[in-house]
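A quick write-up on the structure given underneath.
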Amino acid sequence: MVLCIRGAFRPCGLCCLCRKRLKEIPSSSSNVSTGLTWGLDCDLSRTSELLSGMGVSVLKKDKLDGENTLQDALGSSSCSHKRRKVKEKDFVIVRRPRLLRDSGASWDTLPDELLLAIFAYLPLSDLIRASVVCKRWHRLSFDESLWQTLDLAGKILLPGVVGQLLPAGVTVFRCPRSSISSPLFKTSKPLKLQCMDLSNCTMSVASLQSILSLCEKLQNLSLEGLVLSDDIIKSIAQNPSLVRLNLSGCSGFAVEPLKLMLSSCSVLDELNLSWCNFTDAHVKAAVNHVTSKVTQLNLSGYRQNLQMQDVQTLVERCPLLVHLDLSDSVMLNRECFQYFRKLSCLQHLCLSRCYQIFSADLVFVQYLLIDTQFT
């Protein structure tokens, strides 16, 4: 591009005025001679007006001996012209927003249903870690659909762990042979537990009571080997839909709470009261208050406390018995078989270590109870 003296840029060629003026311009490598005036003597006023309009100052005669060249004049002309143009116009700098690259779906854009489906495959430890990522993940990590079944068998549960997990909607809780500290529930709202197995756990009576006091929908409960209390037995009685109850080896409760529990749980189908720390009064309370709907009953381990009269009462009260275990009842003899004959549904009868019943008696009775298996 060539700057014409007339004030315009021309892509190629020179106008007649420029050709006339440039005839006397030396090369850029040599100094400008004092005799070169660019024809300023003849057209000085006109050239000054043209260059001033473009923001280019006119070379004075006293400066012609300097090192200024045509390129220097053109450079200073364009820079000054741009600066003047910026000053004369108002402008606003606007930053164009950066366009985000499409990198696929983000975790934040996934719907709750899809995140719940992903969380369903996580083991318990990873699900707990995911709950501390953000508030949304914490809410989803404790959704009821993810906590239907909770299996913590053989674990050591620190204080507050059970109190945080069970209210999340757990319906099946298996925690046998575990060490359970205080639950520390933050709510008094009833739990949704239906099945709970705390067999042979290491836990205090107060901790067990705090859990059972919030249970009203239990159907299956196993507290084998635990030390109970009267309040715990009363809490069990608050679950009228209880179908299976295992209190084998339990101790620490009186006769009256036992009567209340057996009378309240009227739909019991399986009951295990074996080897509890029962007195004669406990055994009679169990025999006289057990529901007539029970089909599987275990009253083994009561030695002298279970009498023949108790067997007669039991058979008359529970005609639907299918499995009956009276092992280690040393007071029973062959006369009890006349009562067992009345149990038309009986399939399994266990009389182990009943020392007054001999093998010959079992062979004879086997013809009377053809469909019954003896152990």
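In the structure tokens, chains take letters A, B, ... by order of appearance, with residues numbered from 1 within each chain and ligands from 1 in the order shown.
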
Legend entry - Who sits within 8 Å of Leu306 of chain A, only C-alpha atoms, same chain under 2 positions skipped, as a ChimeraX atom specification: /A:280,283,302-304,308,310-311,329,331-332

Inset, instruction - From a DSSP calculation on the backbone, collect every residue of segment 80-272 of chain A in helix (DSSP H, G or I) and output the set as a PyMOL selection string. - result: chain A and resi 80-88+107-109+112-119+124-130+135-141+144-146+161-168+205-212+230-236+255-264

Quick one: write out the picked residues with C-alpha atoms as a JSON list (two decimals), in the first residue's frame?
```json
[["chain", "number", "residue", "atom", "x", "y", "z"],
["A", 80, "SER", "CA", -1.25, 9.73, 15.15],
["A", 81, "HIS", "CA", -4.31, 9.23, 12.98],
["A", 82, "LYS", "CA", -5.37, 6.18, 15.04],
["A", 83, "ARG", "CA", -4.83, 7.96, 18.34],
["A", 84, "ARG", "CA", -6.93, 10.89, 17.23],
["A", 85, "LYS", "CA", -9.64, 8.58, 15.99],
["A", 86, "VAL", "CA", -9.82, 6.77, 19.36],
["A", 87, "LYS", "CA", -10.03, 10.01, 21.28],
["A", 88, "GLU", "CA", -12.81, 11.39, 19.16],
["A", 107, "TRP", "CA", -22.85, -35.37, 37.24],
["A", 108, "ASP", "CA", -24.82, -32.22, 38.01],
["A", 109, "THR", "CA", -27.04, -32.70, 34.97],
["A", 112, "ASP", "CA", -32.05, -38.09, 40.68],
["A", 113, "GLU", "CA", -33.47, -41.35, 39.37],
["A", 114, "LEU", "CA", -30.32, -42.12, 37.41],
["A", 115, "LEU", "CA", -28.02, -41.27, 40.32],
["A", 116, "LEU", "CA", -30.07, -43.51, 42.62],
["A", 117, "ALA", "CA", -29.73, -46.35, 40.12],
["A", 118, "ILE", "CA", -25.93, -45.86, 40.17],
["A", 119, "PHE", "CA", -25.76, -45.59, 43.96],
["A", 124, "LEU", "CA", -22.06, -49.60, 52.06],
["A", 125, "SER", "CA", -18.63, -48.06, 52.65],
["A", 126, "ASP", "CA", -18.60, -46.32, 49.25],
["A", 127, "LEU", "CA", -22.16, -45.11, 49.70],
["A", 128, "ILE", "CA", -21.18, -43.46, 52.98],
["A", 129, "ARG", "CA", -18.24, -41.75, 51.25],
["A", 130, "ALA", "CA", -20.51, -40.52, 48.46],
["A", 135, "LYS", "CA", -25.62, -31.70, 49.76],
["A", 136, "ARG", "CA", -27.43, -33.28, 46.83],
["A", 137, "TRP", "CA", -25.45, -36.50, 47.05],
["A", 138, "HIS", "CA", -25.97, -36.58, 50.81],
["A", 139, "ARG", "CA", -29.72, -36.39, 50.30],
["A", 140, "LEU", "CA", -29.68, -39.10, 47.63],
["A", 141, "SER", "CA", -27.28, -41.35, 49.56],
["A", 144, "GLU", "CA", -35.09, -44.96, 51.45],
["A", 145, "SER", "CA", -34.76, -47.02, 48.27],
["A", 146, "LEU", "CA", -31.05, -47.59, 49.01],
["A", 161, "VAL", "CA", -23.96, -45.02, 63.58],
["A", 162, "VAL", "CA", -27.13, -47.05, 64.18],
["A", 163, "GLY", "CA", -29.05, -43.90, 65.06],
["A", 164, "GLN", "CA", -28.16, -42.37, 61.71],
["A", 165, "LEU", "CA", -28.69, -45.42, 59.48],
["A", 166, "LEU", "CA", -31.92, -46.98, 60.78],
["A", 167, "PRO", "CA", -34.09, -43.84, 60.30],
["A", 168, "ALA", "CA", -33.06, -43.80, 56.61],
["A", 205, "VAL", "CA", -29.56, -52.98, 77.71],
["A", 206, "ALA", "CA", -30.17, -49.24, 77.29],
["A", 207, "SER", "CA", -28.98, -49.30, 73.67],
["A", 208, "LEU", "CA", -31.25, -52.24, 72.83],
["A", 209, "GLN", "CA", -34.18, -50.54, 74.54],
["A", 210, "SER", "CA", -33.62, -47.33, 72.56],
["A", 211, "ILE", "CA", -33.89, -49.30, 69.32],
["A", 212, "LEU", "CA", -36.89, -51.46, 70.23],
["A", 230, "ASP", "CA", -38.91, -55.72, 81.43],
["A", 231, "ASP", "CA", -39.04, -52.55, 79.29],
["A", 232, "ILE", "CA", -37.55, -54.42, 76.33],
["A", 233, "ILE", "CA", -40.19, -57.16, 76.61],
["A", 234, "LYS", "CA", -42.88, -54.49, 76.75],
["A", 235, "SER", "CA", -41.41, -52.84, 73.66],
["A", 236, "ILE", "CA", -41.61, -56.18, 71.83],
["A", 255, "VAL", "CA", -43.10, -63.15, 84.43],
["A", 256, "GLU", "CA", -45.68, -60.37, 83.95],
["A", 257, "PRO", "CA", -43.95, -58.73, 80.95],
["A", 258, "LEU", "CA", -43.66, -62.21, 79.40],
["A", 259, "LYS", "CA", -47.41, -62.72, 79.74],
["A", 260, "LEU", "CA", -48.07, -59.30, 78.20],
["A", 261, "MET", "CA", -45.79, -60.01, 75.24],
["A", 262, "LEU", "CA", -47.27, -63.44, 74.46],
["A", 263, "SER", "CA", -50.83, -62.12, 74.75],
["A", 264, "SER", "CA", -50.12, -59.11, 72.48]]
```

Inset, instruction - Excluding segment 224-229 of chain A and any residue of its chain fewer than 6 positions from it, enumerate the residues within 9 Å of it, using only C-alpha atoms, and give them as number ranges by chain. - result: A: 197-205, 208-209, 246-254, 276

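Here the strand (DSSP E or B) residues in segment 186-305 of chain A, by DSSP on the backbone, are Cys195, Met196, Asp197, Thr202, Asn220, Leu221, Ser222, Val227, Arg244, Leu245, Asn246, Ser251, Glu270, Leu271, Asn272, Gln296, Leu297 and Asn298 of chain A.
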
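Here the question is which of A:Lys293, A:Val132, A:Pro159, A:Thr279 gets nearest to Val267 of chain A using only C-alpha atoms, and that residue is A:Lys293.
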
Inset, instruction - Could you please determine the separation between atom CA of Ile156 of chain A and atom CA of Phe185 of chain A in Å, to one decimal place? - result: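 Distance between the two atoms: 17.6 Å.
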
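Minimum distance to Gln296 of chain A across A:Arg177, A:Arg353, A:Arg317, A:His348 (counting only C-alpha atoms) occurs at A:His348.
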
Legend entry - Distance of atom CA of Leu268 of chain A from atom CA of Ala153 of chain A, expressed in Å to one decimal place: 25.6 Å

Legend entry - 10 Å contact set for Leu157 of chain A, only C-alpha atoms, chain neighbours under 5 positions out, as a VMD selection string: chain A and resid 152 162 175 178 to 183
